[in-house]
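Asker: Mind having a look at this structure? Questions to follow.
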Amino acid sequence: MGSYIVRRLWQGILVVLAVTTIVFVVTRLVGNPVDIMLPLSATTEQRAAFAHQIGLDRPILEQFGTFVWDAIHLDFGDSLWQRRAAMEVVLERLPNTLLLLVSGIGTAIVLSLPLGTIAALRPGGIVDRLIVGLGLLGLSLPQFWVGLMLIITFSVVFGLLPTSGIGTPAHIILPSIAMALPSLARLSMLVRSAMLDELNKQYIQTARAKGMPLHRIVTVHGFRNILAGFLTMSGWEVIYALAGFSVVVETVFAWPGLGQTALQAIQRSDLFLLQAIVFCVAILIVLINLALDIIYKLVDPRIDLN
Amino acid sequence: MSAVAEDDLLVIDDLHVQFDTRAGVIHGLRGLSLTVARGETLGIVGESGSGKSVMAQSVMGLIDTPGEIVRGDIRFKGRSLLGPKGRSYGRKIRGRELAMIFQNPMTSLNPLMTIGAQIEEVIVHHLGKSAREARQRALELLDLVGITSPVSRLSQLPHELSGGMKQRIIIAMAIACEPELLIADEPTTALDVTVQAQILELINDIQKAMNLSIILITHDLGVVAQSCHRVMVMYAGKEMEEAPVGQLFSRPAHYYTAGLLRSTPRLRDSSDRLFSIDGAPPSLIDPPTGCPFFDRCEARTEECRMDPPAVTTGNQAKAMCWHV
């Protein structure tokens with residue numbers, strides 16, 4: 001297991017390096033970074049000065065070497081928009097996104113287990129049809145629309161919760177609900193079908209013949225066997241959100257997270273900030289995948305990691 | 001219906017089980033009655049789809065929607081297992097006084113639970129023992145079913161064991177609370193021939209040691225001859241014949257039983273063709289009235305279109321046939 005983790009960490013470093021290289025190449029392929037970052041009105045002298053300042057006048061390999069060296073030291077240059085270190089901006093916004101992920105996706109993960117299981121106990125029953133119906137609704141309603149409806153209902157009409165922004169615990173409730181809904185729908189449907197599969201297996205019959213009570217059959221026997229698949233999908237929900245899908249909720253609720261910052265960096269042609277964001281997200285995704293693999297092995301000892 | 005004797009452990013009385021499927025209502029059992037006395041091994045023989053397993057599942061409370069017990073009764077030690085009261089009685093005794101071994105040991109154990117945990121949960125749940133006592137009992141059980149180095153086995157997962165070992169584990173789970181009735185649904189079918197003999201021997205030994213009653217479901221007449229006191233032959237959800245094992249093999253009364261016996265290959269038989277009964281069992285979606293073996297029977301007459309009588313053919317023996 002230890003050697004496996006070391007090997008996966010090496011692979012992760014390679015992935016991060018590859019992502020960084022791609023970012024480096026793409027930002028120089030799409031056009032001259034100077035033209036992208038400076039306003040149209042900039043003079044030729046200003047352009048040359050800026051190119052020199054960010055090192056664009058040096059050979060490409062030397063630029064890449066410097067870029068990688070700085071990246072290792074988590075230095076991605078200064079954000080043009082914020083006029084401070086890009087990494088500082090990222091580290092300031094990242095906790096907000098993580099908070100939204102934990103409360104939103106976390107809620108979805110916690111609630112989907114009982115909902116999916118209850119639905120699976122009586123397939124085709126009233127409770128099952130209700131949960132499946134709500135699941136389909138949660139899957140098909142666009143997240144931004146759900147967010148707006150939540151604001152209209154709870155903030156505008158009833159005045160219970162703030163419309164947007166960050167600060168008090170009350171601020172996080174509506175964005176979390178909007179964040180949780182599609183994940184909750186997907187994960188509940190997954191738990192339902194996995195549990196249905198599991199409950200029809202022979203070993204469940206054995207457990208029933210042994211006289212085990214239903215709650216034990218479901219929570220001990222069935223749950224243990226769907227856990228690996230469930231954790232994988234939960235991990236993917238976190239990765240989706242990290243990789244940019246949180247931008248919808250962050251924008252609707254003016255939540256100063258990483259997704260929104262990435263959007264703003266794109267709109268403002270802030271290449272250095274964008275590089276820092278992509279780098280951090282890539283590292284997080286690599287780490288989540290590694291954690292998933294390790295949890296997988298712990299949950300199902302039959303899996304041979306090597 | 002024969003009078004219920006006091007020492008009958010299990011009584012099944014006119015049991016009808018149906019499965020409401022898209023293709024139609026499948027009549028899995030159509031009025032099955034049987035009794036199992038204390039200490040007795042009753043063999044149940046029949047082809048696939050004759051209702052043997054449906055009978056076992058009915059007793060174990062494993063009939064799920066779309067299946068339903070529509071008529072009849074199952075009594076264990078004189079108390080019904082059906083209805084709301086029966087279900088709560090059943091929950092108390094299943095796994096404790098009434099246990100079952102399944103056909104395929106490869107899929108009958110939880111793949112992610114250790115052998116120890118799967119045996120101990122029965123003991124903890126039914127006998128209220130502590131974890132330590134349960135572990136002790138599990139070790140005894142593994143020893144009893146002939147598993148070597150039981151201490152290390154307890155922490156192993158099912159995939160680390162062979163099929164024969166898994167079946168031994170399943171037997172250990174079934175007898176953990178010293179049940180009075182054990183239902184074994186084709187316990188050796190999925191195993192290698194050499195292992196089959198060992199498992200059968202184990203079941204026979206346990207029966208003698210614990211004075212168990214056993215219902216042994218099989219389609220292997222050799223197994224029946226080896227292990228059973230009495231045999232019931234089933235066909236298309238009904239009983240065809242029952243008799244003590246010696247009588248059934250020497251003087252089968254029903255034409256179906258005779259055909260079944262002739263279908264068993266024999267070493268000394270010089271002909272190079274195996275005997276088989278022509279035709280196939282009737283569909284259970286719309287089963288015919290009268291004798292279910294009608295279409296395939298060499299002795300059929302017009303009266304066979306009516307339900308055959310139960311003809312007594314000896315002590316504890318009867319055959320459902322017009323031509324005995």
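By convention here, the chains of the structure tokens are called A, B, ... in the order presented, each chain's residues are numbered starting at 1, and ligands are numbered starting at 1 in the order presented.
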Please identify all residues of chain A having at least one atom at most 9 Å from any atom of chain B, considering only C-alpha atoms, and return them as a CSV table (one decimal) with all heavy atoms, in the first residue's frame.

Answerer:
```csv
chain,number,residue,atom,x,y,z
A,201,LYS,N,-29.3,-10.0,-4.3
A,201,LYS,CA,-28.2,-11.0,-4.4
A,201,LYS,C,-28.4,-12.1,-3.3
A,201,LYS,O,-29.1,-11.9,-2.3
A,201,LYS,CB,-26.8,-10.3,-4.1
A,201,LYS,CG,-26.5,-9.4,-5.3
A,201,LYS,CD,-25.0,-9.0,-5.3
A,201,LYS,CE,-24.7,-8.3,-6.6
A,201,LYS,NZ,-23.5,-7.5,-6.5
A,202,GLN,N,-27.8,-13.2,-3.6
A,202,GLN,CA,-28.0,-14.4,-2.9
A,202,GLN,C,-27.5,-14.2,-1.4
A,202,GLN,O,-28.2,-14.7,-0.5
A,202,GLN,CB,-27.2,-15.6,-3.5
A,202,GLN,CG,-27.3,-16.9,-2.8
A,202,GLN,CD,-28.7,-17.4,-2.7
A,202,GLN,OE1,-29.4,-17.4,-3.7
A,202,GLN,NE2,-29.2,-17.8,-1.5
A,203,TYR,N,-26.5,-13.5,-1.1
A,203,TYR,CA,-26.0,-13.4,0.2
A,203,TYR,C,-27.0,-12.6,1.1
A,203,TYR,O,-27.0,-12.8,2.3
A,203,TYR,CB,-24.6,-12.7,0.3
A,203,TYR,CG,-24.6,-11.3,0.1
A,203,TYR,CD1,-24.8,-10.4,1.1
A,203,TYR,CD2,-24.3,-10.7,-1.2
A,203,TYR,CE1,-24.7,-9.0,0.9
A,203,TYR,CE2,-24.3,-9.4,-1.4
A,203,TYR,CZ,-24.5,-8.5,-0.3
A,203,TYR,OH,-24.5,-7.2,-0.5
A,204,ILE,N,-27.8,-11.8,0.5
A,204,ILE,CA,-28.9,-11.1,1.3
A,204,ILE,C,-29.9,-12.2,1.7
A,204,ILE,O,-30.5,-12.1,2.8
A,204,ILE,CB,-29.5,-10.0,0.4
A,204,ILE,CG1,-28.5,-8.9,0.2
A,204,ILE,CG2,-30.8,-9.5,1.1
A,204,ILE,CD1,-28.2,-8.0,1.4
A,205,GLN,N,-30.2,-13.1,0.8
A,205,GLN,CA,-31.1,-14.2,1.1
A,205,GLN,C,-30.6,-15.0,2.3
A,205,GLN,O,-31.3,-15.4,3.2
A,205,GLN,CB,-31.3,-15.2,-0.1
A,205,GLN,CG,-31.9,-14.5,-1.3
A,205,GLN,CD,-33.4,-14.5,-1.3
A,205,GLN,OE1,-34.0,-15.6,-1.2
A,205,GLN,NE2,-34.0,-13.3,-1.4
A,206,THR,N,-29.3,-15.3,2.3
A,206,THR,CA,-28.6,-16.0,3.4
A,206,THR,C,-28.8,-15.2,4.7
A,206,THR,O,-29.2,-15.8,5.7
A,206,THR,CB,-27.1,-16.1,3.1
A,206,THR,OG1,-26.9,-16.7,1.8
A,206,THR,CG2,-26.5,-17.1,4.1
A,207,ALA,N,-28.6,-13.9,4.6
A,207,ALA,CA,-28.7,-13.1,5.8
A,207,ALA,C,-30.2,-13.1,6.3
A,207,ALA,O,-30.4,-13.2,7.5
A,207,ALA,CB,-28.3,-11.6,5.5
A,208,ARG,N,-31.1,-13.1,5.4
A,208,ARG,CA,-32.5,-13.1,5.8
A,208,ARG,C,-32.8,-14.5,6.4
A,208,ARG,O,-33.5,-14.6,7.4
A,208,ARG,CB,-33.4,-12.9,4.6
A,208,ARG,CG,-33.4,-11.4,4.2
A,208,ARG,CD,-34.2,-11.3,2.9
A,208,ARG,NE,-35.6,-11.6,3.0
A,208,ARG,CZ,-36.5,-11.6,2.0
A,208,ARG,NH1,-36.0,-11.4,0.7
A,208,ARG,NH2,-37.7,-11.9,2.1
A,209,ALA,N,-32.3,-15.6,5.8
A,209,ALA,CA,-32.6,-16.9,6.3
A,209,ALA,C,-31.9,-17.1,7.7
A,209,ALA,O,-32.4,-17.9,8.5
A,209,ALA,CB,-32.0,-18.0,5.4
A,210,LYS,N,-30.9,-16.3,8.0
A,210,LYS,CA,-30.2,-16.3,9.3
A,210,LYS,C,-31.1,-15.6,10.3
A,210,LYS,O,-30.7,-15.6,11.5
A,210,LYS,CB,-28.8,-15.7,9.2
A,210,LYS,CG,-27.7,-16.6,8.8
A,210,LYS,CD,-26.6,-15.8,8.1
A,210,LYS,CE,-25.8,-15.0,9.1
A,210,LYS,NZ,-24.6,-14.3,8.4
A,211,GLY,N,-32.1,-14.9,9.9
A,211,GLY,CA,-33.0,-14.2,10.8
A,211,GLY,C,-32.5,-12.8,11.1
A,211,GLY,O,-33.0,-12.2,12.1
A,212,MET,N,-31.6,-12.3,10.3
A,212,MET,CA,-31.1,-10.9,10.6
A,212,MET,C,-32.3,-9.9,10.3
A,212,MET,O,-33.0,-10.0,9.3
A,212,MET,CB,-29.9,-10.6,9.7
A,212,MET,CG,-28.7,-11.4,10.0
A,212,MET,SD,-28.1,-11.1,11.7
A,212,MET,CE,-28.3,-12.7,12.4
A,213,PRO,N,-32.4,-8.9,11.2
A,213,PRO,CA,-33.5,-7.9,11.0
A,213,PRO,C,-33.2,-7.1,9.8
A,213,PRO,O,-32.0,-6.9,9.4
A,213,PRO,CB,-33.5,-7.1,12.3
A,213,PRO,CG,-32.1,-7.4,12.9
A,213,PRO,CD,-31.7,-8.7,12.5
A,221,HIS,N,-25.1,-5.3,5.7
A,221,HIS,CA,-24.8,-6.1,4.6
A,221,HIS,C,-24.8,-5.3,3.3
A,221,HIS,O,-23.8,-5.3,2.6
A,221,HIS,CB,-25.7,-7.3,4.5
A,221,HIS,CG,-25.5,-8.3,5.6
A,221,HIS,ND1,-24.6,-9.4,5.4
A,221,HIS,CD2,-25.9,-8.4,6.8
A,221,HIS,CE1,-24.6,-10.1,6.5
A,221,HIS,NE2,-25.4,-9.6,7.4
A,222,GLY,N,-26.0,-4.7,3.0
A,222,GLY,CA,-26.1,-4.0,1.7
A,222,GLY,C,-25.2,-2.8,1.6
A,222,GLY,O,-24.4,-2.6,0.7
A,224,ARG,N,-22.4,-1.9,3.1
A,224,ARG,CA,-21.0,-2.2,2.9
A,224,ARG,C,-20.6,-2.5,1.5
A,224,ARG,O,-19.6,-2.1,1.0
A,224,ARG,CB,-20.6,-3.4,3.8
A,224,ARG,CG,-19.2,-3.7,3.8
A,224,ARG,CD,-18.5,-2.8,4.8
A,224,ARG,NE,-17.1,-2.8,4.4
A,224,ARG,CZ,-16.1,-3.4,5.0
A,224,ARG,NH1,-16.4,-4.2,6.0
A,224,ARG,NH2,-14.9,-3.3,4.6
A,225,ASN,N,-21.6,-3.1,0.8
A,225,ASN,CA,-21.3,-3.5,-0.6
A,225,ASN,C,-21.5,-2.4,-1.6
A,225,ASN,O,-21.0,-2.5,-2.7
A,225,ASN,CB,-22.1,-4.8,-1.0
A,225,ASN,CG,-21.4,-6.0,-0.4
A,225,ASN,OD1,-20.5,-6.6,-1.0
A,225,ASN,ND2,-21.9,-6.5,0.8
A,299,VAL,N,-12.2,0.0,1.8
A,299,VAL,CA,-13.6,-0.5,1.8
A,299,VAL,C,-13.7,-1.9,1.2
A,299,VAL,O,-14.5,-2.7,1.7
A,299,VAL,CB,-14.5,0.5,1.0
A,299,VAL,CG1,-15.9,-0.1,0.7
A,299,VAL,CG2,-14.6,1.8,1.7
A,300,ASP,N,-13.0,-2.1,0.1
A,300,ASP,CA,-13.1,-3.4,-0.5
A,300,ASP,C,-11.7,-4.1,-0.6
A,300,ASP,O,-10.9,-3.8,-1.5
A,300,ASP,CB,-13.7,-3.3,-1.9
A,300,ASP,CG,-14.0,-4.7,-2.5
A,300,ASP,OD1,-13.4,-5.7,-2.0
A,300,ASP,OD2,-14.8,-4.7,-3.5
A,301,PRO,N,-11.3,-4.9,0.4
A,301,PRO,CA,-10.0,-5.4,0.5
A,301,PRO,C,-9.6,-6.3,-0.7
A,301,PRO,O,-8.5,-6.7,-0.9
A,301,PRO,CB,-9.9,-6.2,1.8
A,301,PRO,CG,-11.2,-5.8,2.5
A,301,PRO,CD,-12.1,-5.3,1.5
A,302,ARG,N,-10.7,-6.7,-1.5
A,302,ARG,CA,-10.4,-7.6,-2.6
A,302,ARG,C,-9.7,-6.9,-3.7
A,302,ARG,O,-9.0,-7.5,-4.6
A,302,ARG,CB,-11.7,-8.2,-3.2
A,302,ARG,CG,-12.4,-9.2,-2.3
A,302,ARG,CD,-13.7,-9.5,-2.9
A,302,ARG,NE,-14.6,-8.3,-2.9
A,302,ARG,CZ,-15.8,-8.3,-3.5
A,302,ARG,NH1,-16.3,-9.4,-4.0
A,302,ARG,NH2,-16.5,-7.2,-3.5
```

Asker: Tell me, as number ranges by chain, which residues lie within 8 Å of region 212-220 of chain B, counting only C-alpha atoms; anything in the same chain fewer than 5 positions away does not count.

Answerer: B: 9, 36-47, 52-53, 179-187, 189, 206-207, 228

Asker: Using only C-alpha atoms, which residues sit within 10 Å of region 278-288 of chain A once same-chain residues fewer than 6 positions away are excluded, as a compact mmCIF listing (two decimals) with C-alpha atoms, in the first residue's frame?

Answerer:
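Dumped to out.txt:
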```txt
# COMPACT_ATOMS: atom_id res chain seq x y z
CA ARG A 8 0.44 7.40 -7.35
CA LEU A 9 1.96 10.59 -5.92
CA GLN A 11 1.93 10.00 -11.26
CA GLY A 12 0.05 12.91 -9.70
CA ILE A 13 3.10 15.15 -9.96
CA VAL A 15 -0.27 15.03 -14.19
CA VAL A 16 0.14 18.42 -12.54
CA LEU A 17 3.28 19.05 -14.62
CA ALA A 18 1.42 18.08 -17.79
CA VAL A 19 -1.48 20.37 -16.92
CA THR A 20 0.92 23.20 -16.19
CA VAL A 23 -1.60 25.88 -19.69
CA ALA A 71 5.31 27.08 -10.34
CA LEU A 74 3.84 28.38 -6.14
CA PHE A 76 2.55 32.41 -10.81
CA MET A 87 -1.48 32.69 -5.68
CA VAL A 90 -6.37 31.87 -5.21
CA LEU A 91 -5.65 31.05 -1.58
CA LEU A 94 -10.32 28.68 -2.46
CA GLY A 235 -15.72 12.01 -5.17
CA TRP A 236 -16.71 12.76 -8.73
CA VAL A 238 -16.68 17.10 -5.66
CA ILE A 239 -14.39 17.00 -8.69
CA TYR A 240 -17.12 18.27 -11.06
CA LEU A 242 -14.09 21.97 -8.33
CA ALA A 243 -13.44 21.73 -12.05
CA GLY A 244 -15.76 24.63 -12.69
CA LEU A 258 -12.75 30.03 -7.14
CA ALA A 262 -11.84 31.92 -12.77
CA ILE A 294 -6.99 4.55 -0.92
```

Asker: For Ser183 (chain A), work out the shell of residues within 10 Å, counting only C-alpha atoms and skipping chain neighbours fewer than 5 positions away, then give it as a ChimeraX atom specification.

Answerer: /A:104-109,112,135,138-139,178,188-189,233-234,236-238,240-241

Asker: Between CA of Phe249 (chain B) and CA of Leu15 (chain B), what is the distance in Å, rounded to a tenth?

Answerer: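 Straight-line distance from CA of Phe249 (chain B) to CA of Leu15 (chain B) works out to 26.8 Å.
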
Asker: Run DSSP on the backbone of this structure and report the residues of region 239-286 of chain A it assigns to alpha helix (DSSP H), as an MDAnalysis selection string.

Answerer: chainID A and resid 239:240 246:252 258:267 271:286

Asker: Please return as a list in words: the residues of region 69-268 of chain A that backbone DSSP assigns to strand (DSSP E).

Answerer: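 Answer for region 69-268 of chain A restricted to strand (DSSP E) is Asp78, Ser79, Arg84 and Ala85 of chain A.
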
Asker: Which is closer to Cys321 (chain B) than all the others in B:His254, B:Arg262, B:His27, B:Arg135, using only C-alpha atoms?

Answerer: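 Under the stated criterion, the closest residue is B:His254.
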
Asker: Find the residues around region 151-154 of chain B up to 7 Å (only C-alpha atoms counted), leave out those fewer than 4 positions away in its own chain, and share them as JSON, numbers by chain.

Answerer: {"B": [114, 115, 116, 139]}
